[in-house]
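Each remark here refers to the structure printed beneath this line.
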Amino acid sequence: MSNLSIFDIAGPIMVGPSSSHTAGACKIGQFARALFHDTPKKVTFYLHGSFGEVYKGHATDLALLAGVMKLKTSDPNIKNAFEIANERHIQYKFIPKDLGEKYHPNTVEVVLEDGRNKMSVIGSSIGGGMIEIVKIDEFDVYLQGSAGKHLSLVVCHQKNPKILAELIKKINKLGIKIAETVESTFKDERLTVLSLEGKRITLPEVIDLEMNTDGVDFIRSLSKLQTQ
């Protein structure tokens, strides 16, 4: 028999010890980094529930930081995440915090900063390496998945419906169809998740859409995303 571990069978190929506390944590870090769209200079992790209780012993802290630095769940360098962050001059801090009863016990708020921009992402690790992103800044969302091949777009824009209509028209011209649209509103802004079908959207195309669509604050590309 080939060299399969219990994690290969029951969850993702990963560096342990736990699919929930390690692999899931790494994916939340990856997601937050993809949404921030740049290398942060400072990251603060507010650890809720069991994440806050066992994060040191279960390497949750290492995995979260590794994910923010775009390391995969199977990367043996997860154990060296602190050293790598120090070499890259990334400041990091881990703070246990009660985020509220509505959140899953394995939840973390990741706050990323680069001196100009700041973003907050709240994610939960729900078992087997699966994660949910439940809040982006002030927007309540419900996203499941992992980052990688640009299959969905997260768009922050003004509430004017003409803005989203114009953006979708531009995406369609690229030969890409919109399979699903999920929206969340906070004050005068809206966060929309567009699930894409058709050819893969490229990073230059995403940047062009962001720069040349009036009323759009930012567009971020994610992959293997479910928005149910």
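Note on naming: chains are A, B, ... as they come in the structure tokens, residues start from 1 per chain, ligands start from 1 in the order shown.
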Residue contacts of range 102-117 of chain A (7 Å, only C-alpha atoms) excluding same-chain residues fewer than 6 positions away, as a list in words |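 Near neighbours after the sequence-gap exclusion: Ala32, Pro40, Lys41, Lys42, Val43, Thr44, Phe45, Tyr46, Leu47, His48, Gly49, Ser50, Phe51, Gly123, Ser124 and Ser125 of chain A.
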Export C-alpha atoms of the chosen residues as a PDB file, in the first residue's frame?
ATOM      1  CA  ALA A  32      -7.424  36.448   4.245  1.00  0.00           C
ATOM      2  CA  PRO A  40       0.757  42.723   4.895  1.00  0.00           C
ATOM      3  CA  LYS A  41       3.308  44.400   7.103  1.00  0.00           C
ATOM      4  CA  LYS A  42       1.329  43.577  10.232  1.00  0.00           C
ATOM      5  CA  VAL A  43      -1.152  40.811  11.058  1.00  0.00           C
ATOM      6  CA  THR A  44      -3.159  40.419  14.261  1.00  0.00           C
ATOM      7  CA  PHE A  45      -5.023  37.178  14.939  1.00  0.00           C
ATOM      8  CA  TYR A  46      -7.923  37.303  17.427  1.00  0.00           C
ATOM      9  CA  LEU A  47      -8.489  33.671  18.414  1.00  0.00           C
ATOM     10  CA  HIS A  48     -11.986  32.647  19.493  1.00  0.00           C
ATOM     11  CA  GLY A  49     -13.156  29.585  21.455  1.00  0.00           C
ATOM     12  CA  SER A  50     -10.980  26.504  21.212  1.00  0.00           C
ATOM     13  CA  PHE A  51      -8.662  28.326  18.817  1.00  0.00           C
ATOM     14  CA  GLY A 123     -13.215  32.705   9.365  1.00  0.00           C
ATOM     15  CA  SER A 124     -14.101  29.391  10.998  1.00  0.00           C
ATOM     16  CA  SER A 125     -12.544  25.961  10.618  1.00  0.00           C
TER      17      SER A 125
END
Name all residues at most 8 Å from range 152-161 of chain A (count only C-alpha atoms; drop same-chain ones fewer than 4 positions away) and give them as an mmCIF file with C-alpha atoms, in the first residue's frame.
data_model
loop_
_atom_site.group_PDB
_atom_site.id
_atom_site.type_symbol
_atom_site.label_atom_id
_atom_site.label_comp_id
_atom_site.auth_asym_id
_atom_site.auth_seq_id
_atom_site.Cartn_x
_atom_site.Cartn_y
_atom_site.Cartn_z
ATOM 1 C CA LEU A 35 -8.670 39.055 -0.033
ATOM 2 C CA ALA A 165 -24.496 45.681 -14.136
ATOM 3 C CA THR A 185 -24.769 45.516 2.243
ATOM 4 C CA ASP A 188 -23.602 52.859 1.415
ATOM 5 C CA GLU A 189 -21.438 49.987 0.213
ATOM 6 C CA ARG A 190 -22.109 46.501 -1.063
ATOM 7 C CA LEU A 191 -19.963 43.360 -1.129
ATOM 8 C CA THR A 192 -20.868 41.029 -3.995
ATOM 9 C CA VAL A 193 -19.513 37.538 -4.637
ATOM 10 C CA LEU A 194 -19.688 36.493 -8.282
ATOM 11 C CA SER A 195 -19.261 32.785 -9.032
ATOM 12 C CA LEU A 196 -17.837 32.420 -12.529
ATOM 13 C CA GLY A 215 -17.794 52.958 -8.233
ATOM 14 C CA VAL A 216 -15.738 49.799 -7.556
ATOM 15 C CA ASP A 217 -13.513 49.949 -4.459
ATOM 16 C CA PHE A 218 -11.754 46.620 -4.974
ATOM 17 C CA ILE A 219 -12.029 43.231 -6.685
ATOM 18 C CA ARG A 220 -10.403 40.089 -5.314
ATOM 19 C CA SER A 221 -10.175 36.694 -7.038
ATOM 20 C CA LEU A 222 -10.691 33.429 -5.155
ATOM 21 C CA SER A 223 -11.142 29.799 -6.145
ATOM 22 C CA LYS A 224 -13.151 26.666 -5.417
ATOM 23 C CA LEU A 225 -15.678 28.885 -3.711
#
Apply DSSP to the structure's backbone, then extract all residues of range 164-210 of chain A labelled strand (DSSP E) and return them as a VMD selection string.
-> chain A and resid 176 to 186 189 to 198
Go ahead and dump the residues you just picked, N, CA and C atoms, as a compact mmCIF listing (two decimals), in the first residue's frame.
# COMPACT_ATOMS: atom_id res chain seq x y z
N ILE A 176 -16.83 35.04 -20.04
CA ILE A 176 -17.08 34.45 -18.72
C ILE A 176 -18.51 34.72 -18.31
N LYS A 177 -19.21 33.68 -17.86
CA LYS A 177 -20.59 33.82 -17.41
C LYS A 177 -20.65 33.89 -15.87
N ILE A 178 -21.70 34.52 -15.37
CA ILE A 178 -21.93 34.59 -13.92
C ILE A 178 -22.88 33.47 -13.53
N ALA A 179 -22.41 32.51 -12.74
CA ALA A 179 -23.23 31.37 -12.32
C ALA A 179 -24.10 31.71 -11.13
N GLU A 180 -23.59 32.58 -10.24
CA GLU A 180 -24.32 32.91 -9.02
C GLU A 180 -23.83 34.25 -8.49
N THR A 181 -24.76 34.99 -7.89
CA THR A 181 -24.44 36.29 -7.29
C THR A 181 -24.96 36.32 -5.87
N VAL A 182 -24.10 36.65 -4.92
CA VAL A 182 -24.49 36.78 -3.51
C VAL A 182 -24.04 38.15 -3.01
N GLU A 183 -24.95 38.89 -2.38
CA GLU A 183 -24.67 40.26 -1.99
C GLU A 183 -24.85 40.48 -0.50
N SER A 184 -24.05 41.40 0.04
CA SER A 184 -24.17 41.84 1.43
C SER A 184 -23.98 43.35 1.46
N THR A 185 -24.80 44.05 2.24
CA THR A 185 -24.77 45.52 2.24
C THR A 185 -24.43 46.05 3.63
N PHE A 186 -23.60 47.09 3.67
CA PHE A 186 -23.30 47.80 4.91
C PHE A 186 -23.23 49.28 4.58
N GLU A 189 -22.27 50.86 1.03
CA GLU A 189 -21.44 49.99 0.21
C GLU A 189 -22.04 48.59 0.15
N ARG A 190 -21.62 47.86 -0.87
CA ARG A 190 -22.11 46.50 -1.06
C ARG A 190 -20.92 45.59 -1.38
N LEU A 191 -20.96 44.38 -0.82
CA LEU A 191 -19.96 43.36 -1.13
C LEU A 191 -20.69 42.27 -1.91
N THR A 192 -20.23 42.01 -3.12
CA THR A 192 -20.87 41.03 -4.00
C THR A 192 -19.88 39.93 -4.35
N VAL A 193 -20.32 38.69 -4.22
CA VAL A 193 -19.51 37.54 -4.64
C VAL A 193 -20.10 37.01 -5.94
N LEU A 194 -19.28 36.98 -6.97
CA LEU A 194 -19.69 36.49 -8.28
C LEU A 194 -19.02 35.15 -8.54
N SER A 195 -19.80 34.10 -8.67
CA SER A 195 -19.26 32.78 -9.03
C SER A 195 -19.23 32.69 -10.55
N LEU A 196 -18.08 32.32 -11.10
CA LEU A 196 -17.84 32.42 -12.53
C LEU A 196 -17.88 31.06 -13.22
N GLU A 197 -18.29 31.09 -14.50
CA GLU A 197 -18.25 29.92 -15.38
C GLU A 197 -17.62 30.33 -16.69
N GLY A 198 -16.99 29.38 -17.38
CA GLY A 198 -16.35 29.69 -18.65
C GLY A 198 -14.85 29.68 -18.50
Which neighbours of Leu64 in chain A fall inside 7 Å, counting only C-alpha atoms, when residues of the same chain fewer than 3 positions from it are skipped, and could you give them as a ChimeraX atom specification?
-> /A:25-26,28-29,60-61,67-68
Using only C-alpha atoms, pick whichever of A:Tyr142, A:Gly129, A:Thr39, A:Asp75 has the shortest atom-to-atom distance to His89 in chain A.
->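 The closest residue to His89 in chain A is A:Thr39.
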Skip Glu87 in chain A itself and residues of its chain fewer than 6 positions away, then list as a list in words all residues within 12 Å of it, counting only C-alpha atoms.
->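 So, after excluding close chain neighbours, the residues are Lys41, Met69, Asn80 and Ala81 of chain A.
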Could you work out how far CA of Val134 in chain A lies from CA of Thr22 in chain A, giving the answer in Å with one decimal?
->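 Spanning CA of Thr22 in chain A to CA of Val134 in chain A is a straight-line distance of 18.8 Å.
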Would you return as a PyMOL selection string the members of chain A that DSSP assigns to alpha helix (DSSP H) on this structure's backbone?
-> chain A and resi 6-10+24-36+50-54+60-68+81-87+161-173+203-211
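Put simply, CA of Val54 in chain A is 14.6 Å away from CA of Ala23 in chain A.
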Go through A:Arg200, A:Lys135, A:Lys56, A:Lys79 and flag the residue nearest Ser120 in chain A, using only C-alpha atoms for the distances.
-> A:Lys135
